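Shown next: start10.txt, given as compact mmCIF, C-alpha atoms and all ligand atoms.
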```
# COMPACT_ATOMS: atom_id res chain seq x y z
CA MET V 329 0.00 0.00 0.00
CA LYS V 330 1.31 3.44 -0.92
CA THR V 331 1.34 5.86 1.98
CA LEU V 332 2.29 9.45 2.54
CA GLN V 333 4.95 9.63 5.21
CA ASN V 334 5.39 12.99 6.89
CA LYS V 335 9.11 13.18 7.77
CA LYS V 336 8.63 15.35 10.88
CA ASP V 337 6.21 12.81 12.34
CA SER V 338 8.17 9.98 14.00
CA TRP V 339 5.30 7.48 13.64
CA ASN V 340 5.80 4.97 10.83
CA ALA V 341 2.29 3.87 9.83
CA ASP V 342 3.53 1.08 7.52
CA LEU V 343 5.74 -0.52 10.19
CA TYR V 344 2.81 -0.20 12.59
CA ASP V 345 0.44 -2.08 10.25
CA LYS V 346 2.94 -4.70 9.10
CA LYS V 347 4.73 -5.63 12.31
CA HIS V 348 2.63 -4.31 15.19
CA SER V 349 -0.93 -5.24 14.27
CA PHE V 350 -1.10 -6.93 17.70
CA VAL V 351 -1.86 -3.45 19.10
CA SER V 352 -5.36 -3.42 17.59
CA GLU V 353 -5.75 -7.22 17.81
CA TYR V 354 -5.36 -7.03 21.60
CA GLY V 355 -7.86 -4.15 21.53
CA GLN V 356 -10.71 -6.57 20.73
CA ASP V 357 -11.19 -7.34 24.43
CA LEU V 358 -11.48 -3.65 25.14
CA VAL V 359 -14.25 -3.38 22.54
CA ASP V 360 -16.13 -6.04 24.58
CA LEU V 361 -15.62 -3.94 27.71
CA LEU V 362 -16.92 -0.88 25.86
CA ALA V 363 -20.07 -2.82 24.88
CA PRO V 364 -20.98 -0.40 22.05
CA LYS V 365 -24.64 0.03 21.22
CA GLN V 366 -25.98 0.78 17.77
CA GLY V 367 -26.53 4.50 17.21
CA GLU V 368 -24.04 5.65 19.84
CA LYS V 369 -21.53 8.38 19.04
CA ILE V 370 -18.05 7.29 20.13
CA LEU V 371 -14.63 8.93 20.04
CA ASP V 372 -11.66 6.62 19.37
CA LEU V 373 -8.78 8.51 21.00
CA GLY V 374 -5.44 7.43 19.52
CA CYS V 375 -6.99 5.53 16.62
CA GLY V 376 -3.67 4.77 14.88
CA THR V 377 -4.38 3.47 11.38
CA GLY V 378 -8.08 3.02 12.14
CA ASP V 379 -8.65 -0.74 12.55
CA LEU V 380 -10.63 -0.57 15.79
CA ALA V 381 -12.56 2.51 14.61
CA ASN V 382 -13.56 0.48 11.57
CA GLU V 383 -14.65 -2.40 13.77
CA LEU V 384 -16.74 -0.04 15.89
CA SER V 385 -18.34 1.47 12.80
CA ASN V 386 -19.46 -2.07 11.88
CA PHE V 387 -21.56 -2.09 15.07
CA GLY V 388 -23.55 0.84 13.64
CA ILE V 389 -21.61 3.36 15.73
CA ASP V 390 -21.12 6.96 14.68
CA ILE V 391 -17.37 6.88 15.18
CA VAL V 392 -14.79 9.69 15.11
CA GLY V 393 -11.13 8.64 15.16
CA ILE V 394 -8.42 11.01 16.30
CA ASP V 395 -4.65 10.64 16.51
CA ASN V 396 -1.82 13.07 17.06
CA SER V 397 0.14 11.57 14.16
CA GLU V 398 -0.56 12.84 10.66
CA ASN V 399 1.05 9.69 9.22
CA MET V 400 -1.39 7.47 11.11
CA ILE V 401 -4.41 9.57 10.12
CA THR V 402 -3.35 9.64 6.46
CA GLN V 403 -3.15 5.84 6.48
CA ALA V 404 -6.45 5.49 8.40
CA ARG V 405 -8.29 7.69 5.85
CA HIS V 406 -6.76 5.70 3.02
CA LYS V 407 -7.86 2.35 4.53
CA TYR V 408 -11.32 3.45 5.72
CA PRO V 409 -12.46 6.44 3.61
CA LYS V 410 -16.03 6.40 5.01
CA ILE V 411 -14.91 7.06 8.61
CA LYS V 412 -14.24 10.53 10.00
CA PHE V 413 -10.58 10.78 11.11
CA MET V 414 -8.87 13.90 12.43
CA VAL V 415 -5.44 14.90 13.68
CA GLN V 416 -5.92 16.09 17.26
CA ASN V 417 -3.82 16.16 20.38
CA ALA V 418 -5.40 14.41 23.39
CA VAL V 419 -4.51 17.34 25.66
CA GLU V 420 -6.21 19.88 23.36
CA LEU V 421 -9.43 18.14 22.35
CA ASP V 422 -12.06 20.38 20.82
CA PHE V 423 -15.26 18.49 21.71
CA HIS V 424 -17.96 19.50 24.18
CA SER V 425 -20.52 17.02 25.59
CA GLU V 426 -20.73 15.26 22.23
CA PHE V 427 -19.95 11.59 22.85
CA ASP V 428 -21.70 8.67 24.52
CA ALA V 429 -18.28 7.10 25.05
CA VAL V 430 -14.59 7.84 24.68
CA PHE V 431 -12.61 4.71 23.83
CA SER V 432 -8.83 4.55 23.91
CA ASN V 433 -6.53 1.60 23.27
CA ALA V 434 -2.73 1.69 23.77
CA THR V 435 -2.43 5.48 23.66
CA LEU V 436 -2.70 7.19 27.01
CA HIS V 437 0.75 6.12 28.23
CA TRP V 438 2.10 8.56 25.59
CA VAL V 439 0.04 11.51 26.76
CA LYS V 440 1.35 14.08 29.22
CA PRO V 441 0.16 15.71 31.35
CA PRO V 442 -2.39 12.92 31.99
CA ILE V 443 -4.72 15.15 34.01
CA GLN V 444 -5.11 17.49 31.03
CA ALA V 445 -6.07 14.57 28.77
CA LEU V 446 -8.59 13.38 31.36
CA GLN V 447 -10.12 16.86 31.57
CA CYS V 448 -10.47 16.95 27.76
CA ILE V 449 -12.01 13.46 27.73
CA TYR V 450 -14.44 14.47 30.48
CA HIS V 451 -15.53 17.58 28.54
CA SER V 452 -15.98 15.53 25.35
CA LEU V 453 -18.51 13.20 27.02
CA LYS V 454 -22.24 13.73 27.45
CA ALA V 455 -23.48 13.50 31.06
CA GLY V 456 -23.58 9.79 31.96
CA GLY V 457 -21.11 9.01 29.14
CA ARG V 458 -18.34 6.49 29.71
CA PHE V 459 -14.58 6.50 29.29
CA VAL V 460 -13.15 3.06 28.52
CA ALA V 461 -9.38 2.79 28.14
CA GLU V 462 -6.43 0.47 28.20
CA PHE V 463 -2.78 1.49 28.18
CA GLY V 464 0.57 0.73 29.80
CA GLY V 465 0.38 0.42 33.59
CA LYS V 466 3.00 0.59 36.34
CA GLY V 467 6.05 -1.54 35.45
CA ASN V 468 5.14 -1.80 31.75
CA VAL V 469 8.01 -3.07 29.54
CA GLN V 470 10.32 -2.30 32.44
CA ILE V 471 12.72 -5.18 31.75
CA ILE V 472 13.27 -3.78 28.24
CA THR V 473 13.50 -0.10 29.12
CA ASP V 474 15.75 -0.66 32.17
CA GLU V 475 18.16 -2.59 29.96
CA ILE V 476 18.16 0.06 27.21
CA ILE V 477 18.82 2.83 29.75
CA GLN V 478 21.57 0.78 31.40
CA GLN V 479 23.28 0.20 28.05
CA ILE V 480 23.02 3.89 27.11
CA GLU V 481 24.61 4.84 30.45
CA ARG V 482 27.33 2.19 30.03
CA GLU V 483 28.38 4.17 26.95
CA GLY V 484 28.99 7.16 29.25
CA ILE V 485 25.83 8.98 28.12
CA THR V 486 23.55 10.31 30.84
CA PHE V 487 19.94 9.28 30.35
CA LYS V 488 17.79 12.23 31.41
CA LYS V 489 14.67 11.13 33.29
CA GLU V 490 12.53 13.62 31.37
CA LYS V 491 13.43 11.80 28.13
CA PHE V 492 11.41 8.78 29.29
CA PRO V 493 8.47 9.14 26.91
CA TRP V 494 5.80 7.21 28.81
CA PHE V 495 3.52 7.54 31.80
CA TYR V 496 2.81 4.17 33.43
CA PRO V 497 0.56 4.72 36.45
CA SER V 498 -0.68 2.32 39.08
CA ILE V 499 -4.43 1.88 39.60
CA ALA V 500 -4.25 4.14 42.65
CA GLU V 501 -2.50 6.97 40.78
CA TYR V 502 -4.78 6.89 37.75
CA ALA V 503 -8.05 6.37 39.60
CA THR V 504 -7.13 9.38 41.75
CA LEU V 505 -6.62 11.53 38.65
CA MET V 506 -9.89 10.29 37.17
CA GLU V 507 -11.76 11.19 40.34
CA GLU V 508 -10.07 14.58 40.45
CA VAL V 509 -11.60 15.53 37.10
CA GLY V 510 -15.03 14.22 38.13
CA PHE V 511 -15.26 10.62 36.92
CA ARG V 512 -16.85 7.86 38.96
CA VAL V 513 -14.40 5.00 38.53
CA THR V 514 -16.47 1.86 38.02
CA PHE V 515 -13.71 -0.52 36.95
CA ALA V 516 -9.90 -0.71 37.15
CA GLN V 517 -7.55 -3.61 36.46
CA HIS V 518 -3.75 -3.90 36.30
CA TYR V 519 -2.57 -7.10 34.65
CA ASP V 520 0.40 -8.80 32.99
CA ARG V 521 0.07 -9.26 29.26
CA PRO V 522 3.22 -10.88 27.87
CA THR V 523 3.26 -9.75 24.25
CA GLN V 524 4.91 -11.67 21.44
CA LEU V 525 7.09 -9.62 19.09
CA ASP V 526 7.40 -11.81 16.02
CA GLY V 527 10.69 -13.29 14.90
CA ASP V 528 14.30 -12.80 15.89
CA LYS V 529 14.12 -9.11 14.87
CA GLY V 530 11.03 -8.59 17.04
CA LEU V 531 12.74 -6.63 19.79
CA LYS V 532 14.70 -4.50 17.33
CA ASN V 533 11.49 -3.71 15.40
CA TRP V 534 9.67 -2.85 18.62
CA ILE V 535 12.45 -0.44 19.63
CA ALA V 536 12.41 1.15 16.15
CA MET V 537 8.63 1.56 16.27
CA PHE V 538 8.11 2.70 19.86
CA GLY V 539 11.42 3.32 21.63
CA ASN V 540 13.30 5.70 19.34
CA HIS V 541 12.90 8.67 21.74
CA LEU V 542 15.00 6.85 24.33
CA PHE V 543 17.95 7.41 21.99
CA ASP V 544 17.47 11.17 21.52
CA ASP V 545 20.82 11.97 23.18
CA VAL V 546 22.74 9.05 21.68
CA PRO V 547 24.93 9.72 18.62
CA GLU V 548 23.51 7.87 15.59
CA HIS V 549 26.62 5.69 15.08
CA ARG V 550 26.38 4.21 18.60
CA ILE V 551 22.73 3.17 18.53
CA LYS V 552 23.18 -0.10 16.62
CA ASP V 553 25.72 -1.50 19.12
CA ILE V 554 23.60 -0.47 22.09
CA ILE V 555 20.60 -2.34 20.65
CA THR V 556 22.74 -5.41 19.96
CA ASN V 557 23.92 -5.39 23.60
CA VAL V 558 20.31 -5.06 24.77
CA GLU V 559 19.32 -8.07 22.65
CA ASN V 560 22.25 -10.14 23.93
CA ASN V 561 21.53 -9.33 27.57
CA LEU V 562 17.78 -9.96 27.34
CA LYS V 563 17.88 -13.12 25.26
CA ASP V 564 17.78 -15.49 28.27
CA THR V 565 14.84 -13.66 29.84
CA LEU V 566 12.64 -12.55 26.93
CA TYR V 567 13.44 -14.77 23.92
CA LYS V 568 11.43 -17.97 23.71
CA ASP V 569 11.02 -20.45 20.83
CA GLY V 570 12.15 -18.05 18.12
CA ASN V 571 10.19 -15.00 19.28
CA TRP V 572 10.67 -12.13 21.68
CA VAL V 573 8.08 -11.71 24.43
CA ALA V 574 7.78 -8.19 25.81
CA ASP V 575 6.84 -7.68 29.47
CA TYR V 576 3.70 -5.62 28.91
CA LYS V 577 1.65 -4.66 31.97
CA ARG V 578 -1.66 -3.05 31.21
CA LEU V 579 -4.06 -0.78 33.00
CA ARG V 580 -7.76 -0.94 32.09
CA VAL V 581 -10.27 1.54 33.38
CA ILE V 582 -13.88 2.58 33.04
CA GLY V 583 -15.05 5.95 34.29
CA VAL V 584 -18.52 7.45 34.10
CA LYS V 585 -19.13 11.20 33.75
CA LYS V 586 -21.25 12.29 36.71
C1 LIG K 601 1.92 -0.40 25.28
O1 LIG K 601 0.96 -0.50 24.52
O2 LIG K 601 1.88 -0.74 26.46
C2 LIG K 601 3.15 0.22 24.74
C3 LIG K 601 3.28 0.42 23.41
C4 LIG K 601 4.41 1.02 22.94
C5 LIG K 601 5.39 1.41 23.78
C6 LIG K 601 5.27 1.20 25.12
C7 LIG K 601 4.14 0.59 25.58
```

As structure tokens, how would this structure be written, given the file I've shared?
Ligand code: BEZ
Amino acid sequence: MKTLQNKKDSWNADLYDKKHSFVSEYGQDLVDLLAPKQGEKILDLGCGTGDLANELSNFGIDIVGIDNSENMITQARHKYPKIKFMVQNAVELDFHSEFDAVFSNATLHWVKPPIQALQCIYHSLKAGGRFVAEFGGKGNVQIITDEIIQQIEREGITFKKEKFPWFYPSIAEYATLMEEVGFRVTFAQHYDRPTQLDGDKGLKNWIAMFGNHLFDDVPEHRIKDIITNVENNLKDTLYKDGNWVADYKRLRVIGVKK
């Protein structure tokens, strides 16, 4: 498939569709938790290349998909031209009491500050509307990221804490933020979800897709060796039967707008 790739946007929509389709495949369970009803208007926050938005539209849902990446939205529009997709930042949403539900799979760990995103989500919902989300929880991919950071520092490069791109809260932290903005938290779960990264290049591909910001302060010519060291050191722990298995830990929540 031919795609338009915006160079300033670090998201690679082709790599996402070809090697990381597990992101939306795992989202199926979250669709069950959302329990969409025909005729509802639902916002898919962080829709990526649109697969789950498309699935929701098949339920007879009036779906709007948003993502902060132009590359992802370009690909989503190309794949599903009948669905409304927009580039929007989760901390600057421009919706007011419009949606029966806000649905978000594998996105909110990227969004800072989280309280601002929650305020925007709250404002987007109608009274009684629900927020159903899953994203990385406390300890997510920690074996991988600890090893990457350790290898960067072994090269004599300081890893600045603020360069860590993700927010991985515990249930207590996130439920507190949800309550602060006004949600009634009706469900929260923190669980292990070992995630297979296909093939012997699986870890390398995952780092290229999701972890490139960790290397912001690393000179280009040293990145390859650091990744090789990471692979060598993690092989005993995370490589099984020809595939890498990433130590995902997920947080799932439902909040209702009071
Ligand atoms: C996650 O879905 O948990 C995740 C995805 C990419 C990078 C880090 C975490």

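Minimum distance to V:Ser397 across V:Glu462, V:Gly378, V:His451, V:Ser338 (counting all atoms listed in the file) occurs at V:Ser338.
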
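Distances here use only C-alpha atoms; by that measure, the residue among V:Val430, V:Met400, V:Leu343, V:Ile389 closest to V:Leu373 is V:Val430.
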
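When atom CA of V:Lys466 is paired with atom CA of V:Lys563, their separation reads 23.1 Å.
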
- ligand LIG 601 (chain K) neighbours within 8 Å using all atoms listed in the file, as number ranges by chain: V: 351, 433-435, 437, 463-465, 468-469, 494, 534, 537-539, 576-578

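Near V:Lys369, within 7 Å and counting only C-alpha atoms, sit Ile389, Asp390, Ile391, Phe427, Asp428 and Ala429 of chain V; same-chain residues fewer than 3 positions away were not included.
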
- For V:Tyr567, work out the shell of residues within 10 Å, counting only C-alpha atoms and skipping chain neighbours fewer than 2 positions away, then give it as number ranges by chain. V: 524-525, 527-528, 530-531, 559-560, 562-565, 569-574

For a cutoff of 8 Å around the file-coordinate point (-0.8, 5.8, 8.2), which residues qualify once you count all atoms listed in the file? I'd like the result as a compact mmCIF listing (two decimals) with C-alpha atoms, in the coordinates of the input.
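result23.txt, written as the output of this step:
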```
# COMPACT_ATOMS: atom_id res chain seq x y z
CA THR V 331 1.34 5.86 1.98
CA LEU V 332 2.29 9.45 2.54
CA GLN V 333 4.95 9.63 5.21
CA ASN V 340 5.80 4.97 10.83
CA ALA V 341 2.29 3.87 9.83
CA ASP V 342 3.53 1.08 7.52
CA GLY V 376 -3.67 4.77 14.88
CA THR V 377 -4.38 3.47 11.38
CA GLU V 398 -0.56 12.84 10.66
CA ASN V 399 1.05 9.69 9.22
CA MET V 400 -1.39 7.47 11.11
CA ILE V 401 -4.41 9.57 10.12
CA THR V 402 -3.35 9.64 6.46
CA GLN V 403 -3.15 5.84 6.48
CA ALA V 404 -6.45 5.49 8.40
CA HIS V 406 -6.76 5.70 3.02
```

- Which one is closest to V:Lys529: V:Ile555, V:Ser349, V:Met414, V:Ala503? Count only C-alpha atoms. V:Ile555

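Closest approach to V:Phe495 among V:Leu384, V:Val415, V:Ile554, V:Val439: V:Val439, based on only C-alpha atoms.
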
- What separation in Å, quoted to one decimal, exists between atom CA of V:Arg550 and atom CA of V:Glu475? 15.6 Å

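You will find atom CA of V:Trp438 at 23.9 Å from atom CA of V:Ile485.
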